[in-house]
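Structure file protein.pdb (PDB, C-alpha atoms) follows.
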```pdb
ATOM      1  CA  MET A   1     -68.155  36.556 -65.433
ATOM      2  CA  ASN A   2     -67.845  33.381 -63.414
ATOM      3  CA  ALA A   3     -68.624  30.262 -65.412
ATOM      4  CA  GLN A   4     -68.681  27.899 -62.447
ATOM      5  CA  ALA A   5     -71.176  30.001 -60.485
ATOM      6  CA  GLN A   6     -73.314  30.577 -63.556
ATOM      7  CA  SER A   7     -73.521  26.884 -64.315
ATOM      8  CA  LEU A   8     -74.809  25.963 -60.844
ATOM      9  CA  ASP A   9     -77.933  23.824 -61.006
ATOM     10  CA  ILE A  10     -80.057  26.077 -58.810
ATOM     11  CA  ARG A  11     -83.152  23.877 -59.203
ATOM     12  CA  GLN A  12     -81.399  20.764 -57.987
ATOM     13  CA  LEU A  13     -79.678  22.604 -55.114
ATOM     14  CA  LEU A  14     -82.874  24.141 -53.831
ATOM     15  CA  ASN A  15     -85.303  21.283 -54.475
ATOM     16  CA  LYS A  16     -83.333  19.159 -52.037
ATOM     17  CA  HIS A  17     -82.716  21.945 -49.535
ATOM     18  CA  VAL A  18     -86.337  23.141 -49.373
ATOM     19  CA  ALA A  19     -87.425  19.596 -48.535
ATOM     20  CA  GLU A  20     -84.683  19.331 -45.886
ATOM     21  CA  VAL A  21     -85.551  22.651 -44.225
ATOM     22  CA  PHE A  22     -89.266  21.809 -44.093
ATOM     23  CA  GLN A  23     -88.617  18.322 -42.750
ATOM     24  CA  THR A  24     -86.010  19.315 -40.147
ATOM     25  CA  MET A  25     -87.548  22.512 -38.785
ATOM     26  CA  LEU A  26     -91.253  21.880 -39.317
ATOM     27  CA  SER A  27     -91.689  18.114 -39.699
ATOM     28  CA  LEU A  28     -93.618  18.892 -42.898
ATOM     29  CA  HIS A  29     -93.126  17.471 -46.384
ATOM     30  CA  ALA A  30     -92.448  19.893 -49.232
ATOM     31  CA  VAL A  31     -92.816  17.816 -52.385
ATOM     32  CA  PRO A  32     -91.351  19.208 -55.634
ATOM     33  CA  GLN A  33     -93.835  19.589 -58.487
ATOM     34  CA  SER A  34     -93.128  19.429 -62.180
ATOM     35  CA  HIS A  35     -92.947  22.669 -64.122
ATOM     36  CA  SER A  36     -96.306  24.419 -64.257
ATOM     37  CA  PRO A  37     -97.643  27.999 -64.222
ATOM     38  CA  PHE A  38     -97.195  30.196 -61.163
ATOM     39  CA  PRO A  39     -99.815  29.046 -58.627
ATOM     40  CA  LEU A  40    -102.898  31.094 -57.756
ATOM     41  CA  PHE A  41    -102.367  31.688 -54.072
ATOM     42  CA  GLY A  42    -105.224  33.966 -53.056
ATOM     43  CA  ASP A  43    -104.039  35.752 -49.913
ATOM     44  CA  ARG A  44    -100.296  35.379 -50.109
ATOM     45  CA  VAL A  45     -97.256  35.902 -47.869
ATOM     46  CA  THR A  46     -93.782  36.149 -49.383
ATOM     47  CA  GLY A  47     -90.451  36.020 -47.573
ATOM     48  CA  SER A  48     -87.564  37.696 -49.359
ATOM     49  CA  VAL A  49     -83.809  37.809 -48.784
ATOM     50  CA  GLY A  50     -81.374  39.659 -51.050
ATOM     51  CA  LEU A  51     -77.928  38.557 -52.208
ATOM     52  CA  GLY A  52     -75.184  41.006 -53.132
ATOM     53  CA  GLY A  53     -71.571  40.774 -54.270
ATOM     54  CA  ASP A  54     -69.213  41.980 -57.008
ATOM     55  CA  ILE A  55     -69.949  39.017 -59.265
ATOM     56  CA  VAL A  56     -73.558  38.209 -58.440
ATOM     57  CA  THR A  57     -76.597  40.058 -57.113
ATOM     58  CA  GLY A  58     -80.142  38.834 -56.695
ATOM     59  CA  ALA A  59     -82.840  37.668 -54.313
ATOM     60  CA  LEU A  60     -84.755  34.613 -53.201
ATOM     61  CA  TYR A  61     -88.520  34.781 -52.678
ATOM     62  CA  LEU A  62     -90.552  32.178 -50.811
ATOM     63  CA  HIS A  63     -94.254  32.470 -51.716
ATOM     64  CA  MET A  64     -97.107  30.683 -49.955
ATOM     65  CA  PRO A  65    -100.792  31.149 -49.180
ATOM     66  CA  SER A  66    -101.548  32.799 -45.833
ATOM     67  CA  ARG A  67    -103.076  29.607 -44.434
ATOM     68  CA  LEU A  68     -99.855  27.678 -45.086
ATOM     69  CA  ALA A  69     -97.809  30.480 -43.500
ATOM     70  CA  GLN A  70    -100.009  30.083 -40.404
ATOM     71  CA  ARG A  71     -99.566  26.335 -40.401
ATOM     72  CA  ILE A  72     -95.795  26.627 -40.770
ATOM     73  CA  THR A  73     -95.617  29.143 -37.930
ATOM     74  CA  GLY A  74     -97.643  26.844 -35.680
ATOM     75  CA  ALA A  75     -95.364  23.923 -36.560
ATOM     76  CA  MET A  76     -92.145  25.871 -35.923
ATOM     77  CA  LEU A  77     -93.268  27.448 -32.652
ATOM     78  CA  ARG A  78     -95.386  24.465 -31.564
ATOM     79  CA  LEU A  79     -98.321  26.740 -30.980
ATOM     80  CA  SER A  80    -101.910  26.457 -32.186
ATOM     81  CA  ALA A  81    -103.622  29.070 -34.362
ATOM     82  CA  GLY A  82    -104.771  31.929 -32.163
ATOM     83  CA  GLU A  83    -101.676  31.730 -29.972
ATOM     84  CA  PHE A  84     -99.606  33.792 -32.418
ATOM     85  CA  GLY A  85    -100.063  36.750 -34.733
ATOM     86  CA  GLU A  86     -98.589  38.435 -37.796
ATOM     87  CA  ALA A  87     -95.302  39.283 -36.064
ATOM     88  CA  GLU A  88     -94.603  35.601 -35.365
ATOM     89  CA  ILE A  89     -95.595  34.591 -38.916
ATOM     90  CA  ASN A  90     -93.211  37.223 -40.309
ATOM     91  CA  ASP A  91     -90.370  36.036 -38.106
ATOM     92  CA  VAL A  92     -90.825  32.355 -38.956
ATOM     93  CA  LEU A  93     -91.180  33.003 -42.683
ATOM     94  CA  GLY A  94     -88.148  35.302 -42.591
ATOM     95  CA  GLU A  95     -86.082  32.627 -40.865
ATOM     96  CA  ILE A  96     -87.098  29.886 -43.317
ATOM     97  CA  THR A  97     -86.299  32.200 -46.251
ATOM     98  CA  ASN A  98     -82.975  33.012 -44.614
ATOM     99  CA  MET A  99     -82.086  29.310 -44.353
ATOM    100  CA  LEU A 100     -82.841  28.769 -48.044
ATOM    101  CA  THR A 101     -80.896  31.849 -49.141
ATOM    102  CA  GLY A 102     -77.981  30.970 -46.856
ATOM    103  CA  HIS A 103     -77.622  27.654 -48.650
ATOM    104  CA  LEU A 104     -77.755  29.346 -52.054
ATOM    105  CA  LYS A 105     -75.182  31.891 -50.899
ATOM    106  CA  SER A 106     -72.842  29.118 -49.725
ATOM    107  CA  CYS A 107     -73.066  27.380 -53.104
ATOM    108  CA  LEU A 108     -72.383  30.641 -54.953
ATOM    109  CA  CYS A 109     -69.430  31.498 -52.682
ATOM    110  CA  ASP A 110     -67.892  28.051 -53.100
ATOM    111  CA  ALA A 111     -68.328  28.367 -56.871
ATOM    112  CA  GLY A 112     -66.270  31.567 -56.881
ATOM    113  CA  ALA A 113     -69.017  34.201 -56.562
ATOM    114  CA  PRO A 114     -68.713  35.574 -53.008
ATOM    115  CA  CYS A 115     -71.730  37.519 -51.791
ATOM    116  CA  ALA A 116     -73.522  38.655 -48.647
ATOM    117  CA  VAL A 117     -77.159  38.187 -47.686
ATOM    118  CA  SER A 118     -79.580  40.835 -46.465
ATOM    119  CA  ILE A 119     -81.879  40.514 -43.475
ATOM    120  CA  PRO A 120     -85.304  39.115 -44.491
ATOM    121  CA  SER A 121     -88.359  41.152 -45.447
ATOM    122  CA  ILE A 122     -91.995  40.105 -45.834
ATOM    123  CA  ILE A 123     -94.550  41.026 -48.511
ATOM    124  CA  ARG A 124     -98.300  40.457 -48.075
ATOM    125  CA  GLY A 125    -101.079  40.777 -50.601
ATOM    126  CA  SER A 126    -103.363  38.941 -52.967
ATOM    127  CA  SER A 127    -102.283  40.082 -56.406
ATOM    128  CA  TYR A 128     -98.647  40.853 -57.062
ATOM    129  CA  GLN A 129     -95.736  39.431 -58.973
ATOM    130  CA  VAL A 130     -92.005  39.958 -58.872
ATOM    131  CA  GLU A 131     -90.782  40.969 -62.316
ATOM    132  CA  THR A 132     -87.241  40.575 -63.564
ATOM    133  CA  LEU A 133     -85.129  43.194 -65.284
ATOM    134  CA  PRO A 134     -83.178  42.300 -68.444
ATOM    135  CA  ASP A 135     -80.221  39.912 -68.051
ATOM    136  CA  VAL A 136     -81.594  38.475 -64.832
ATOM    137  CA  ARG A 137     -81.739  34.687 -64.588
ATOM    138  CA  ARG A 138     -84.998  33.525 -63.028
ATOM    139  CA  GLU A 139     -85.685  30.090 -61.577
ATOM    140  CA  LEU A 140     -89.108  29.082 -60.308
ATOM    141  CA  LEU A 141     -89.457  25.962 -58.160
ATOM    142  CA  LEU A 142     -92.887  24.692 -57.202
ATOM    143  CA  PHE A 143     -93.821  22.458 -54.296
ATOM    144  CA  HIS A 144     -96.835  21.085 -52.531
ATOM    145  CA  CYS A 145     -96.901  21.231 -48.763
ATOM    146  CA  GLU A 146     -99.902  19.999 -46.773
ATOM    147  CA  ALA A 147    -102.012  20.210 -49.963
ATOM    148  CA  ASP A 148    -101.096  23.878 -50.444
ATOM    149  CA  PRO A 149     -98.881  25.287 -53.188
ATOM    150  CA  LEU A 150     -95.489  26.710 -52.320
ATOM    151  CA  ALA A 151     -93.113  28.515 -54.674
ATOM    152  CA  VAL A 152     -89.449  29.452 -54.455
ATOM    153  CA  GLU A 153     -88.385  32.097 -56.940
ATOM    154  CA  VAL A 154     -84.720  32.966 -57.460
ATOM    155  CA  HIS A 155     -83.453  35.967 -59.414
ATOM    156  CA  LEU A 156     -79.722  36.190 -60.115
ATOM    157  CA  LYS A 157     -77.726  38.634 -62.157
ATOM    158  CA  PHE A 158     -74.097  37.854 -62.948
ATOM    159  CA  ASN A 159     -71.808  40.797 -63.685
TER     160      ASN A 159
ATOM    161  CA  MET B 160     -75.483  26.699 -10.322
ATOM    162  CA  PRO B 161     -77.390  26.531 -13.617
ATOM    163  CA  THR B 162     -75.400  26.643 -16.830
ATOM    164  CA  LYS B 163     -75.765  30.121 -18.268
ATOM    165  CA  ILE B 164     -76.244  30.269 -22.048
ATOM    166  CA  LEU B 165     -76.472  33.485 -24.066
ATOM    167  CA  SER B 166     -78.517  33.173 -27.281
ATOM    168  CA  VAL B 167     -77.771  35.978 -29.774
ATOM    169  CA  ASP B 168     -80.097  35.941 -32.774
ATOM    170  CA  ASP B 169     -82.288  38.567 -34.429
ATOM    171  CA  SER B 170     -84.972  35.941 -34.969
ATOM    172  CA  ARG B 171     -87.340  35.488 -32.033
ATOM    173  CA  THR B 172     -88.176  32.119 -33.531
ATOM    174  CA  ILE B 173     -84.610  30.854 -33.207
ATOM    175  CA  ARG B 174     -84.301  32.261 -29.676
ATOM    176  CA  LEU B 175     -87.510  30.444 -28.765
ATOM    177  CA  ILE B 176     -86.221  27.181 -30.269
ATOM    178  CA  VAL B 177     -82.968  27.557 -28.320
ATOM    179  CA  ALA B 178     -84.842  28.194 -25.060
ATOM    180  CA  ARG B 179     -87.125  25.217 -25.743
ATOM    181  CA  ALA B 180     -84.170  22.913 -26.480
ATOM    182  CA  PHE B 181     -82.627  23.581 -23.060
ATOM    183  CA  ARG B 182     -85.864  23.530 -21.056
ATOM    184  CA  PRO B 183     -85.225  19.998 -19.713
ATOM    185  CA  TYR B 184     -81.808  21.080 -18.410
ATOM    186  CA  ASP B 185     -80.685  23.169 -15.483
ATOM    187  CA  CYS B 186     -79.887  26.181 -17.666
ATOM    188  CA  GLN B 187     -80.417  29.898 -17.498
ATOM    189  CA  ILE B 188     -80.968  31.365 -20.959
ATOM    190  CA  CYS B 189     -80.131  35.029 -21.620
ATOM    191  CA  GLU B 190     -81.051  36.613 -24.938
ATOM    192  CA  ALA B 191     -79.897  39.378 -27.261
ATOM    193  CA  SER B 192     -81.178  40.307 -30.722
ATOM    194  CA  ASN B 193     -77.947  41.599 -32.278
ATOM    195  CA  GLY B 194     -74.189  41.662 -31.730
ATOM    196  CA  GLU B 195     -74.150  44.991 -29.910
ATOM    197  CA  GLU B 196     -76.727  43.830 -27.375
ATOM    198  CA  GLY B 197     -74.934  40.488 -27.239
ATOM    199  CA  LEU B 198     -71.648  42.093 -26.123
ATOM    200  CA  ALA B 199     -73.461  44.082 -23.424
ATOM    201  CA  VAL B 200     -75.305  41.019 -22.109
ATOM    202  CA  ALA B 201     -72.118  38.923 -22.246
ATOM    203  CA  ALA B 202     -70.245  41.530 -20.180
ATOM    204  CA  ARG B 203     -73.069  41.732 -17.649
ATOM    205  CA  GLU B 204     -74.034  38.070 -17.354
ATOM    206  CA  LYS B 205     -70.694  36.302 -17.989
ATOM    207  CA  PRO B 206     -72.356  33.290 -19.668
ATOM    208  CA  ASP B 207     -70.780  29.843 -19.790
ATOM    209  CA  LEU B 208     -71.513  29.651 -23.532
ATOM    210  CA  ILE B 209     -72.680  31.932 -26.345
ATOM    211  CA  LEU B 210     -74.837  30.648 -29.224
ATOM    212  CA  LEU B 211     -74.303  33.223 -31.951
ATOM    213  CA  ASP B 212     -76.125  33.883 -35.230
ATOM    214  CA  VAL B 213     -74.122  35.266 -38.174
ATOM    215  CA  THR B 214     -76.430  37.595 -40.132
ATOM    216  CA  MET B 215     -78.040  40.209 -37.862
ATOM    217  CA  PRO B 216     -78.844  43.902 -38.105
ATOM    218  CA  VAL B 217     -76.942  46.576 -36.106
ATOM    219  CA  MET B 218     -73.932  44.287 -35.504
ATOM    220  CA  ASP B 219     -73.491  40.895 -37.157
ATOM    221  CA  GLY B 220     -72.146  37.765 -35.500
ATOM    222  CA  VAL B 221     -68.696  37.925 -37.076
ATOM    223  CA  THR B 222     -68.145  41.482 -35.788
ATOM    224  CA  MET B 223     -69.424  40.556 -32.333
ATOM    225  CA  LEU B 224     -67.137  37.545 -32.215
ATOM    226  CA  THR B 225     -64.133  39.633 -33.280
ATOM    227  CA  LYS B 226     -64.844  42.189 -30.524
ATOM    228  CA  LEU B 227     -65.432  39.417 -28.001
ATOM    229  CA  LYS B 228     -62.036  37.889 -28.747
ATOM    230  CA  GLU B 229     -60.380  41.326 -28.363
ATOM    231  CA  ASP B 230     -61.760  41.705 -24.821
ATOM    232  CA  PRO B 231     -59.605  39.848 -22.274
ATOM    233  CA  ALA B 232     -62.583  39.462 -19.911
ATOM    234  CA  LEU B 233     -64.888  37.971 -22.554
ATOM    235  CA  LYS B 234     -62.361  36.129 -24.712
ATOM    236  CA  PRO B 235     -62.487  32.831 -22.752
ATOM    237  CA  ILE B 236     -66.267  32.411 -23.220
ATOM    238  CA  PRO B 237     -66.776  29.572 -25.715
ATOM    239  CA  VAL B 238     -68.913  30.363 -28.766
ATOM    240  CA  ILE B 239     -70.960  28.080 -31.010
ATOM    241  CA  MET B 240     -72.042  29.781 -34.229
ATOM    242  CA  LEU B 241     -75.494  29.091 -35.673
ATOM    243  CA  THR B 242     -75.364  29.752 -39.378
ATOM    244  CA  ALA B 243     -77.539  29.210 -42.413
ATOM    245  CA  GLU B 244     -74.394  29.033 -44.538
ATOM    246  CA  SER B 245     -72.677  25.689 -44.806
ATOM    247  CA  GLY B 246     -70.203  26.527 -47.592
ATOM    248  CA  ARG B 247     -66.466  25.938 -47.422
ATOM    249  CA  GLU B 248     -65.661  29.675 -47.414
ATOM    250  CA  ASN B 249     -68.015  30.363 -44.525
ATOM    251  CA  VAL B 250     -66.777  27.429 -42.456
ATOM    252  CA  LEU B 251     -63.149  28.534 -42.934
ATOM    253  CA  LEU B 252     -64.016  32.085 -41.919
ATOM    254  CA  ILE B 253     -65.783  30.877 -38.777
ATOM    255  CA  ALA B 254     -62.902  28.536 -37.900
ATOM    256  CA  ARG B 255     -60.373  31.356 -38.229
ATOM    257  CA  LEU B 256     -62.339  33.466 -35.754
ATOM    258  CA  GLY B 257     -61.806  30.927 -33.004
ATOM    259  CA  VAL B 258     -65.260  29.509 -32.395
ATOM    260  CA  ARG B 259     -65.587  26.266 -30.493
ATOM    261  CA  ASP B 260     -68.056  24.755 -32.949
ATOM    262  CA  TYR B 261     -70.776  25.655 -35.434
ATOM    263  CA  LEU B 262     -74.224  24.361 -36.288
ATOM    264  CA  VAL B 263     -75.806  24.802 -39.694
ATOM    265  CA  LYS B 264     -79.487  25.766 -39.928
ATOM    266  CA  PRO B 265     -81.762  23.870 -40.367
ATOM    267  CA  PHE B 266     -80.988  21.909 -37.203
ATOM    268  CA  LYS B 267     -82.828  19.676 -34.791
ATOM    269  CA  GLU B 268     -82.972  20.654 -31.130
ATOM    270  CA  GLU B 269     -81.182  17.421 -30.202
ATOM    271  CA  GLN B 270     -78.236  18.422 -32.415
ATOM    272  CA  LEU B 271     -78.000  21.763 -30.631
ATOM    273  CA  VAL B 272     -78.046  20.087 -27.221
ATOM    274  CA  GLU B 273     -75.429  17.539 -28.333
ATOM    275  CA  LYS B 274     -73.041  20.244 -29.633
ATOM    276  CA  THR B 275     -73.560  22.247 -26.450
ATOM    277  CA  ARG B 276     -72.897  19.228 -24.243
ATOM    278  CA  ARG B 277     -69.441  18.913 -25.814
ATOM    279  CA  VAL B 278     -68.581  22.409 -24.584
ATOM    280  CA  VAL B 279     -70.383  22.883 -21.244
ATOM    281  CA  THR B 280     -71.916  20.629 -18.607
ATOM    282  CA  LEU B 281     -75.647  20.087 -18.963
ATOM    283  CA  GLN B 282     -77.513  18.659 -15.998
ATOM    284  CA  LYS B 283     -81.059  17.376 -16.432
ATOM    285  CA  LYS B 284     -83.510  19.184 -14.191
ATOM    286  CA  ALA B 285     -84.634  17.124 -11.228
ATOM    287  CA  THR B 286     -88.154  15.863 -11.846
ATOM    288  CA  ALA B 287     -90.769  16.318  -9.151
ATOM    289  CA  THR B 288     -91.510  13.006  -7.457
ATOM    290  CA  GLN B 289     -94.872  11.863  -6.168
ATOM    291  CA  PRO B 290     -95.073  11.935  -2.356
ATOM    292  CA  VAL B 291     -95.140   8.476  -0.802
ATOM    293  CA  THR B 292     -98.374   7.853   1.034
TER     294      THR B 292
END
```

Whole structure, structure tokens version:
Amino acid sequence: MNAQAQSLDIRQLLNKHVAEVFQTMLSLHAVPQSHSPFPLFGDRVTGSVGLGGDIVTGALYLHMPSRLAQRITGAMLRLSAGEFGEAEINDVLGEITNMLTGHLKSCLCDAGAPCAVSIPSIIRGSSYQVETLPDVRRELLLFHCEADPLAVEVHLKFN
Amino acid sequence: MPTKILSVDDSRTIRLIVARAFRPYDCQICEASNGEEGLAVAAREKPDLILLDVTMPVMDGVTMLTKLKEDPALKPIPVIMLTAESGRENVLLIARLGVRDYLVKPFKEEQLVEKTRRVVTLQKKATATQPVT
């Protein structure tokens, strides 16, 4: 057990960092929303990066509607829709998810819970949810970006 | 002679951003998508600078850097690490490996150019001038 790592304010850490990543890399505003139910995305794209170490394991998921994923890809690559496809969307979403998870990993490491991150993976669909197993801490952070919902979901298990 | 920069990152997006950042300068950008490829390209191209990601499949940036520093021919090439991890532990690890500098993602292209300028010479490309009539 690591009390310092477990007491990290994940919401505060990520609320600020999500906004910073979106502003710096995409020139887009991701505005935190107050606690509300998981958004109805319709067609959804999710970026996922795992975390693993002796003290902590888990994953970070970045969920967004497909149209926002397209917009983000266009903003990052400075291309208009039609100039890129699914491969580019996957790469951009993977990289953004990686930046968010890298920050979380750094905070966990500095709090005494060293861990490594996986390479990103992408999930697509219209009706799925990530369920937690027992003893897993789940944090859900909601944002609005360009009038679309955006969700960051963190699952952490401390050994 | 253009400044030769090797960009090693598994993300095409980051490689594209790197290439875009140096477009106004007289630079030749070489690319590799993991550490293993990066070592091969470094040996072949002898770049003036390597911009190196940390987390990559096949061979990560830390392993590539360690092997680079073990090779007398490649050891002198300066390396700037691009990392998504800004924590104290990570920064200490990177510093111990002998990198010239590091840049934490997210970053602006201007920050990348500024860090690079501290390590290698960057010349602006000559702009085409209108013919005098």

- Task: For A:Ile123, please output as a PyMOL selection string all residues within 12 Å (counting all atoms listed in the file; exclusion window: fewer than 3 positions along the same chain).
- Result: chain A and resi 43-49+61-66+86+89-90+93-94+120+126-130

Same residues, C-alpha atoms, output as a PDB file, in the coordinates of the input:
```
ATOM      1  CA  ASP A  43    -104.039  35.752 -49.913  1.00  0.00           C
ATOM      2  CA  ARG A  44    -100.296  35.379 -50.109  1.00  0.00           C
ATOM      3  CA  VAL A  45     -97.256  35.902 -47.869  1.00  0.00           C
ATOM      4  CA  THR A  46     -93.782  36.149 -49.383  1.00  0.00           C
ATOM      5  CA  GLY A  47     -90.451  36.020 -47.573  1.00  0.00           C
ATOM      6  CA  SER A  48     -87.564  37.696 -49.359  1.00  0.00           C
ATOM      7  CA  VAL A  49     -83.809  37.809 -48.784  1.00  0.00           C
ATOM      8  CA  TYR A  61     -88.520  34.781 -52.678  1.00  0.00           C
ATOM      9  CA  LEU A  62     -90.552  32.178 -50.811  1.00  0.00           C
ATOM     10  CA  HIS A  63     -94.254  32.470 -51.716  1.00  0.00           C
ATOM     11  CA  MET A  64     -97.107  30.683 -49.955  1.00  0.00           C
ATOM     12  CA  PRO A  65    -100.792  31.149 -49.180  1.00  0.00           C
ATOM     13  CA  SER A  66    -101.548  32.799 -45.833  1.00  0.00           C
ATOM     14  CA  GLU A  86     -98.589  38.435 -37.796  1.00  0.00           C
ATOM     15  CA  ILE A  89     -95.595  34.591 -38.916  1.00  0.00           C
ATOM     16  CA  ASN A  90     -93.211  37.223 -40.309  1.00  0.00           C
ATOM     17  CA  LEU A  93     -91.180  33.003 -42.683  1.00  0.00           C
ATOM     18  CA  GLY A  94     -88.148  35.302 -42.591  1.00  0.00           C
ATOM     19  CA  PRO A 120     -85.304  39.115 -44.491  1.00  0.00           C
ATOM     20  CA  SER A 126    -103.363  38.941 -52.967  1.00  0.00           C
ATOM     21  CA  SER A 127    -102.283  40.082 -56.406  1.00  0.00           C
ATOM     22  CA  TYR A 128     -98.647  40.853 -57.062  1.00  0.00           C
ATOM     23  CA  GLN A 129     -95.736  39.431 -58.973  1.00  0.00           C
ATOM     24  CA  VAL A 130     -92.005  39.958 -58.872  1.00  0.00           C
TER      25      VAL A 130
END
```

- Separation of atom CA of A:Gly58 from atom CA of B:Arg255, in Å and rounded to one decimal: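 Value for the atom CA of A:Gly58-atom CA of B:Arg255 distance: 28.1 Å.
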
Output the residue selection produced by the ChimeraX specification (/B :<6) & /A on the file above, formatted as a compact mmCIF listing (two decimals) with C-alpha atoms, keeping the file's coordinate frame.
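As written to disk, selection-v8.txt reads:
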```txt
# COMPACT_ATOMS: atom_id res chain seq x y z
CA VAL A 21 -85.55 22.65 -44.22
CA MET A 99 -82.09 29.31 -44.35
CA GLY A 102 -77.98 30.97 -46.86
CA HIS A 103 -77.62 27.65 -48.65
CA SER A 106 -72.84 29.12 -49.72
```

- Item | Nearest to A:Gln6, chosen from A:Gln70, A:Asn159, A:Thr132, A:Ser27, with all atoms listed in the file counted in the distances |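 Checking each candidate against A:Gln6, we get A:Asn159 as the closest.
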
- Work out how far apart atom CA of A:Leu28 and atom CA of A:Leu68 are and give it in Å to one decimal.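 A separation of 11.0 Å between them.
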
- Tell me which protein, DNA and RNA residues are within 9 Å of stretch 228-231 of chain B, counting all atoms listed in the file, leaving out same-chain ones fewer than 4 positions away, and put them as a ChimeraX atom specification. /B:223-224,235-236,256-257

- Atom-to-atom span, atom CA of A:Thr97 and atom CA of A:Met25, Å: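 Value for the atom CA of A:Thr97-atom CA of A:Met25 distance: 12.3 Å.
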
- List the residues selected by the PyMOL selection byres ((chain B and resi 258) around 7) in the file shown, writing them as a list in words. Pro237, Val238, Ile239, Ile253, Ala254, Leu256, Gly257, Arg259 and Asp260 of chain B

- Residues within 9 Å of (-98.2, 20.5, -40.7), counting all atoms listed in the file, listed as a list in words: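 Checked against the point, the hits come out as Leu26, Ser27, Leu28, His29, Leu68, Arg71, Ile72, Gly74, Ala75, Cys145 and Glu146 of chain A.
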
- Might you spell out which residues the PyMOL selection byres ((chain A and resi 17) around 10) would select in the displayed file, as a count of residues only? 18

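Considering all atoms listed in the file, the residue among A:Ile96, A:Ala69, A:Val154, A:Val56 positioned nearest to A:Glu131 is A:Val154.
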
Local residues around (-82.4, 25.3, -18.3), at most 10 Å away, using only C-alpha atoms, as a PDB file with C-alpha atoms, in the frame of the given file:
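Saved file out_16.pdb follows:
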```pdb
ATOM      1  CA  PRO B 161     -77.390  26.531 -13.617  1.00  0.00           C
ATOM      2  CA  THR B 162     -75.400  26.643 -16.830  1.00  0.00           C
ATOM      3  CA  LYS B 163     -75.765  30.121 -18.268  1.00  0.00           C
ATOM      4  CA  ILE B 164     -76.244  30.269 -22.048  1.00  0.00           C
ATOM      5  CA  ALA B 178     -84.842  28.194 -25.060  1.00  0.00           C
ATOM      6  CA  ARG B 179     -87.125  25.217 -25.743  1.00  0.00           C
ATOM      7  CA  ALA B 180     -84.170  22.913 -26.480  1.00  0.00           C
ATOM      8  CA  PHE B 181     -82.627  23.581 -23.060  1.00  0.00           C
ATOM      9  CA  ARG B 182     -85.864  23.530 -21.056  1.00  0.00           C
ATOM     10  CA  PRO B 183     -85.225  19.998 -19.713  1.00  0.00           C
ATOM     11  CA  TYR B 184     -81.808  21.080 -18.410  1.00  0.00           C
ATOM     12  CA  ASP B 185     -80.685  23.169 -15.483  1.00  0.00           C
ATOM     13  CA  CYS B 186     -79.887  26.181 -17.666  1.00  0.00           C
ATOM     14  CA  GLN B 187     -80.417  29.898 -17.498  1.00  0.00           C
ATOM     15  CA  ILE B 188     -80.968  31.365 -20.959  1.00  0.00           C
ATOM     16  CA  LEU B 281     -75.647  20.087 -18.963  1.00  0.00           C
ATOM     17  CA  GLN B 282     -77.513  18.659 -15.998  1.00  0.00           C
ATOM     18  CA  LYS B 283     -81.059  17.376 -16.432  1.00  0.00           C
ATOM     19  CA  LYS B 284     -83.510  19.184 -14.191  1.00  0.00           C
TER      20      LYS B 284
END
```

- Message: My list of candidates is B:Val278, B:Gln270, B:Val177, B:Ser166. Which is closest to B:Ala201 when distances are computed with all atoms listed in the file?
- Response: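 Counting all atoms listed in the file, the residue closest to B:Ala201 is B:Ser166.
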
- Note on the structure: Closest of B:Arg174, B:Lys205, B:Asp168, B:Arg277 to B:Asn193, counting all atoms listed in the file, is B:Asp168

- Message: Could you list, as a ChimeraX atom specification, every residue within 7 Å of A:Ala116, counting only C-alpha atoms and ignoring same-chain residues fewer than 5 positions away?
- Response: /A:51-53
